[in-house]
Every structure is written in C-alpha cells, then in structure tokens.
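Report on the following structure.
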Amino acid sequence: METTEETSLELRATTCEQSTLTRSDGSALLTQGNTSVMAAVYGPTEVRPNKELIDKASVEVVYKPSVGLPGCAERLRECILRNTCETVILAGLHPRTSISIVLQILEDHGSLLACCINAATLALLDAAVSVSKLIAAIACIIDQDGRLHLDPTLDVESNAVASMTFVFDSVDFDVVSVHTDGCFTNEQFQSCLTACKEASKTVFQFFRDSVTKKLSVV
C-alpha cells in the first residue's frame, strides 16, 4: 500500500514520569498525545495459595477504566496485556510468588492498548523486574480510503475499517504479539507491520532516554 501526503506516519508527543507512586515497587505515568495511563507493579511478593505456581511466579494484570466498572472489553484487554507481559517476564526466577501489574486509565484519546503496554514496560523497569527483553507497542489503523495512520487519535480511530496493535521486542524487533480488528488485505497488514516496526525504534529510544534521565537524577 502506497503512502500519500495524507497518510500519518508520525507518533504523538510522549512523556513519562517514573516512581510516581510511593506504595508500589515500580510505577510509571505515560502520556502519548492526550492518552494517559498510570501503571504500577507490585512484586515479586506473596501469592494466594489458589494462585501459587511451584515453578514460576504468577503474573496478574488489573485493568481499571477511567470511569465505571470493568466489563467484557476491559477483561479482554487484561488478557492481552497479561499474555504479552508474560512472554518477557522471567517468572521462573521467582517461583511461588506473584507479580501484579495495575493499569489505571486516566485519559483515553486513542491508541489506548499500545499506551497500556508501553506504560507496563516502563513500570516493570522501574520495579527492577527481571525481563528477557523490553517490549514496545505501536497502534495503527487503516481508514476508509485505505490510508495508514500510526498512533491514531479517537477521531482517526472512528474512521477505521481496520485497527492493529503490534508489540515488538528490543533485540531483533521481532513481533511479540499482535491484536487486530476489522477487515484488511495481506498487503495492508504487511504495510502496517513495516511502518509500526520502524516506529517502535523511536519508542525504544524513548525508553532509554527516560531511564537515563531517571538515573542521572538519582
């Protein structure tokens, strides 16, 4: 799929504050554009007997919407987030314990799932949880005219015929997970994959800059 001048391949401005919460082992407040998520990590810590695993830590994700109680959509996001984080957390180093990731949605102005994954990554780093590699998520959509938009806002998402969120690792930029919705061709999927993979390098650099900034202050 060819890109045009109207195709948006720019990421929104991103800011981050780590160690913002005092009662968690690690936390991060991540803002991508006007989308804002607070992530907190607790653990490794004691686990309830019914969730104890003898060979590794159990990973739990709690997703809290900005208003109201969580429903089916929120439970699905919890599942996606847990499965994604479990792929990189070295849970085998901490058997019979629990690692909890709590995500509080503050503002949703588009690309929410990607923002949640990136916030969770930064919170895991802040908590010094052992991971095999870092992960970064990039969201994109295909609009009704077949144009590709990275890191879309809610207004852009409302015109989407297909939406995708790719998660890449920091070593070889391989795909860790992908969540898609809507109808798209194989060519469109490959175009989105290529664009998101390139954009993930910017996110990984942002992670490095954020950690370097924090360590320089300490």
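Numbering starts fresh at 1 for the residues of each chain in the structure tokens, the chains themselves are lettered A, B, ... in the order given, and ligands are numbered from 1 as they appear.
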
Residues within 10 Å of A:Arg75, please, as number ranges by chain. Count only C-alpha atoms; anything in the same chain fewer than 3 positions from it doesn't count. A: 61-64, 70-72, 78-81

Residues just named, written with all heavy atoms as a PDB file, in the first residue's frame:
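Produced file part17.pdb, reproduced below:
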ATOM      1  N   VAL A  61      -2.698  -9.081  35.821  1.00  0.00           N
ATOM      2  CA  VAL A  61      -2.906  -7.729  35.319  1.00  0.00           C
ATOM      3  C   VAL A  61      -4.293  -7.264  35.718  1.00  0.00           C
ATOM      4  O   VAL A  61      -5.282  -7.985  35.519  1.00  0.00           O
ATOM      5  CB  VAL A  61      -2.751  -7.661  33.785  1.00  0.00           C
ATOM      6  CG1 VAL A  61      -3.155  -6.284  33.265  1.00  0.00           C
ATOM      7  CG2 VAL A  61      -1.318  -7.963  33.382  1.00  0.00           C
ATOM      8  N   VAL A  62      -4.357  -6.081  36.294  1.00  0.00           N
ATOM      9  CA  VAL A  62      -5.633  -5.466  36.666  1.00  0.00           C
ATOM     10  C   VAL A  62      -5.795  -4.197  35.851  1.00  0.00           C
ATOM     11  O   VAL A  62      -4.941  -3.308  35.893  1.00  0.00           O
ATOM     12  CB  VAL A  62      -5.673  -5.140  38.172  1.00  0.00           C
ATOM     13  CG1 VAL A  62      -7.002  -4.466  38.520  1.00  0.00           C
ATOM     14  CG2 VAL A  62      -5.474  -6.402  39.000  1.00  0.00           C
ATOM     15  N   TYR A  63      -6.880  -4.135  35.100  1.00  0.00           N
ATOM     16  CA  TYR A  63      -7.149  -3.007  34.200  1.00  0.00           C
ATOM     17  C   TYR A  63      -8.324  -2.212  34.751  1.00  0.00           C
ATOM     18  O   TYR A  63      -9.418  -2.745  34.922  1.00  0.00           O
ATOM     19  CB  TYR A  63      -7.464  -3.542  32.801  1.00  0.00           C
ATOM     20  CG  TYR A  63      -7.759  -2.505  31.747  1.00  0.00           C
ATOM     21  CD1 TYR A  63      -6.765  -2.073  30.869  1.00  0.00           C
ATOM     22  CD2 TYR A  63      -9.032  -1.965  31.609  1.00  0.00           C
ATOM     23  CE1 TYR A  63      -7.038  -1.138  29.887  1.00  0.00           C
ATOM     24  CE2 TYR A  63      -9.312  -1.021  30.634  1.00  0.00           C
ATOM     25  CZ  TYR A  63      -8.315  -0.608  29.782  1.00  0.00           C
ATOM     26  OH  TYR A  63      -8.583   0.327  28.815  1.00  0.00           O
ATOM     27  N   LYS A  64      -8.083  -0.946  35.056  1.00  0.00           N
ATOM     28  CA  LYS A  64      -9.105  -0.090  35.645  1.00  0.00           C
ATOM     29  C   LYS A  64      -9.472   1.033  34.678  1.00  0.00           C
ATOM     30  O   LYS A  64      -8.640   1.882  34.371  1.00  0.00           O
ATOM     31  CB  LYS A  64      -8.618   0.502  36.967  1.00  0.00           C
ATOM     32  CG  LYS A  64      -8.305  -0.528  38.033  1.00  0.00           C
ATOM     33  CD  LYS A  64      -7.868   0.140  39.328  1.00  0.00           C
ATOM     34  CE  LYS A  64      -7.607  -0.880  40.426  1.00  0.00           C
ATOM     35  NZ  LYS A  64      -7.195  -0.226  41.694  1.00  0.00           N
ATOM     36  N   PRO A  70     -15.116  -2.297  35.235  1.00  0.00           N
ATOM     37  CA  PRO A  70     -14.644  -3.027  34.063  1.00  0.00           C
ATOM     38  C   PRO A  70     -15.686  -3.997  33.526  1.00  0.00           C
ATOM     39  O   PRO A  70     -16.399  -4.640  34.299  1.00  0.00           O
ATOM     40  CB  PRO A  70     -13.401  -3.768  34.588  1.00  0.00           C
ATOM     41  CG  PRO A  70     -13.586  -3.841  36.061  1.00  0.00           C
ATOM     42  CD  PRO A  70     -14.336  -2.603  36.443  1.00  0.00           C
ATOM     43  N   GLY A  71     -15.768  -4.086  32.203  1.00  0.00           N
ATOM     44  CA  GLY A  71     -16.701  -5.001  31.554  1.00  0.00           C
ATOM     45  C   GLY A  71     -15.959  -6.003  30.697  1.00  0.00           C
ATOM     46  O   GLY A  71     -14.763  -6.266  30.902  1.00  0.00           O
ATOM     47  N   CYS A  72     -16.635  -6.541  29.698  1.00  0.00           N
ATOM     48  CA  CYS A  72     -16.035  -7.572  28.843  1.00  0.00           C
ATOM     49  C   CYS A  72     -14.837  -7.037  28.063  1.00  0.00           C
ATOM     50  O   CYS A  72     -13.828  -7.729  27.915  1.00  0.00           O
ATOM     51  CB  CYS A  72     -17.090  -8.114  27.873  1.00  0.00           C
ATOM     52  SG  CYS A  72     -18.425  -9.043  28.658  1.00  0.00           S
ATOM     53  N   GLU A  78      -7.226  -7.021  29.664  1.00  0.00           N
ATOM     54  CA  GLU A  78      -6.427  -7.642  30.724  1.00  0.00           C
ATOM     55  C   GLU A  78      -5.739  -8.902  30.213  1.00  0.00           C
ATOM     56  O   GLU A  78      -4.557  -9.130  30.489  1.00  0.00           O
ATOM     57  CB  GLU A  78      -7.311  -7.988  31.922  1.00  0.00           C
ATOM     58  CG  GLU A  78      -7.637  -6.833  32.828  1.00  0.00           C
ATOM     59  CD  GLU A  78      -8.420  -7.260  34.058  1.00  0.00           C
ATOM     60  OE1 GLU A  78      -8.834  -8.432  34.127  1.00  0.00           O
ATOM     61  OE2 GLU A  78      -8.616  -6.416  34.960  1.00  0.00           O
ATOM     62  N   CYS A  79      -6.490  -9.711  29.483  1.00  0.00           N
ATOM     63  CA  CYS A  79      -5.949 -10.962  28.949  1.00  0.00           C
ATOM     64  C   CYS A  79      -4.819 -10.686  27.958  1.00  0.00           C
ATOM     65  O   CYS A  79      -3.757 -11.333  28.005  1.00  0.00           O
ATOM     66  CB  CYS A  79      -7.067 -11.767  28.286  1.00  0.00           C
ATOM     67  SG  CYS A  79      -6.547 -13.362  27.633  1.00  0.00           S
ATOM     68  N   ILE A  80      -5.028  -9.714  27.070  1.00  0.00           N
ATOM     69  CA  ILE A  80      -3.998  -9.358  26.087  1.00  0.00           C
ATOM     70  C   ILE A  80      -2.744  -8.852  26.793  1.00  0.00           C
ATOM     71  O   ILE A  80      -1.615  -9.247  26.471  1.00  0.00           O
ATOM     72  CB  ILE A  80      -4.527  -8.305  25.107  1.00  0.00           C
ATOM     73  CG1 ILE A  80      -5.674  -8.889  24.261  1.00  0.00           C
ATOM     74  CG2 ILE A  80      -3.410  -7.786  24.205  1.00  0.00           C
ATOM     75  CD1 ILE A  80      -6.402  -7.858  23.424  1.00  0.00           C
ATOM     76  N   LEU A  81      -2.936  -7.994  27.768  1.00  0.00           N
ATOM     77  CA  LEU A  81      -1.803  -7.415  28.493  1.00  0.00           C
ATOM     78  C   LEU A  81      -1.047  -8.476  29.285  1.00  0.00           C
ATOM     79  O   LEU A  81       0.186  -8.499  29.299  1.00  0.00           O
ATOM     80  CB  LEU A  81      -2.305  -6.309  29.425  1.00  0.00           C
ATOM     81  CG  LEU A  81      -2.785  -5.037  28.725  1.00  0.00           C
ATOM     82  CD1 LEU A  81      -3.678  -4.214  29.655  1.00  0.00           C
ATOM     83  CD2 LEU A  81      -1.600  -4.207  28.277  1.00  0.00           C
TER      84      LEU A  81
END

As a PyMOL selection string, list the residues of stretch 20-129 of chain A assigned to strand (DSSP E) by DSSP on the backbone atoms of this structure. chain A and resi 26-32+35-45+58-64+98-107

Do you know which residues are at most 9 Å from stretch 161-172 of chain A counting only C-alpha atoms, after dropping those on the same chain fewer than 6 positions away, and could you put them as a ChimeraX atom specification? /A:84,88,111,113-114,117,133-144,146,178-184,189,192-193,196-197,200-201,204

How close does each residue of stretch 172-209 of chain A get to stretch 28-32 of chain A, giving the shortest atom pair and distance in Å to one decimal for every residue with an atom at most 12 Å away, counting only C-alpha atoms, sorted by chain and residue number, as JSON lines?
{"residue": "A:Val203", "atom": "CA", "partner": "A:Gln32", "partner_atom": "CA", "distance": 10.6}
{"residue": "A:Phe206", "atom": "CA", "partner": "A:Leu30", "partner_atom": "CA", "distance": 11.2}
{"residue": "A:Phe207", "atom": "CA", "partner": "A:Leu30", "partner_atom": "CA", "distance": 10.8}

Restricting it to N, CA and C atoms, dump the selection as a tab-separated table (two decimals), in the first residue's frame.
chain	number	residue	atom	x	y	z
A	203	VAL	N	10.18	4.43	20.01
A	203	VAL	CA	9.67	4.16	21.35
A	203	VAL	C	10.78	3.56	22.22
A	206	PHE	N	12.96	6.21	23.35
A	206	PHE	CA	12.30	6.97	24.41
A	206	PHE	C	12.46	6.25	25.75
A	207	PHE	N	12.33	4.92	25.76
A	207	PHE	CA	12.54	4.16	26.99
A	207	PHE	C	13.95	4.40	27.53

Can you pull out every residue from stretch 14-218 of chain A that DSSP, working from the backbone, puts in alpha helix (DSSP H), and format the result as an MDAnalysis selection string? chainID A and resid 72:86 112:126 154:157 186:217

What does the structure give for the distance between atom CA of A:Thr212 and atom CA of A:Ala120, in Å to one decimal?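 Going from atom CA of A:Thr212 over to atom CA of A:Ala120, I get 17.8 Å.
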
Report, in Å with one decimal, the straight-line distance from atom CA of A:Pro95 to atom CA of A:Tyr42. 15.2 Å

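Atom CA of A:Leu76 is positioned 21.0 Å from atom CA of A:Leu124.
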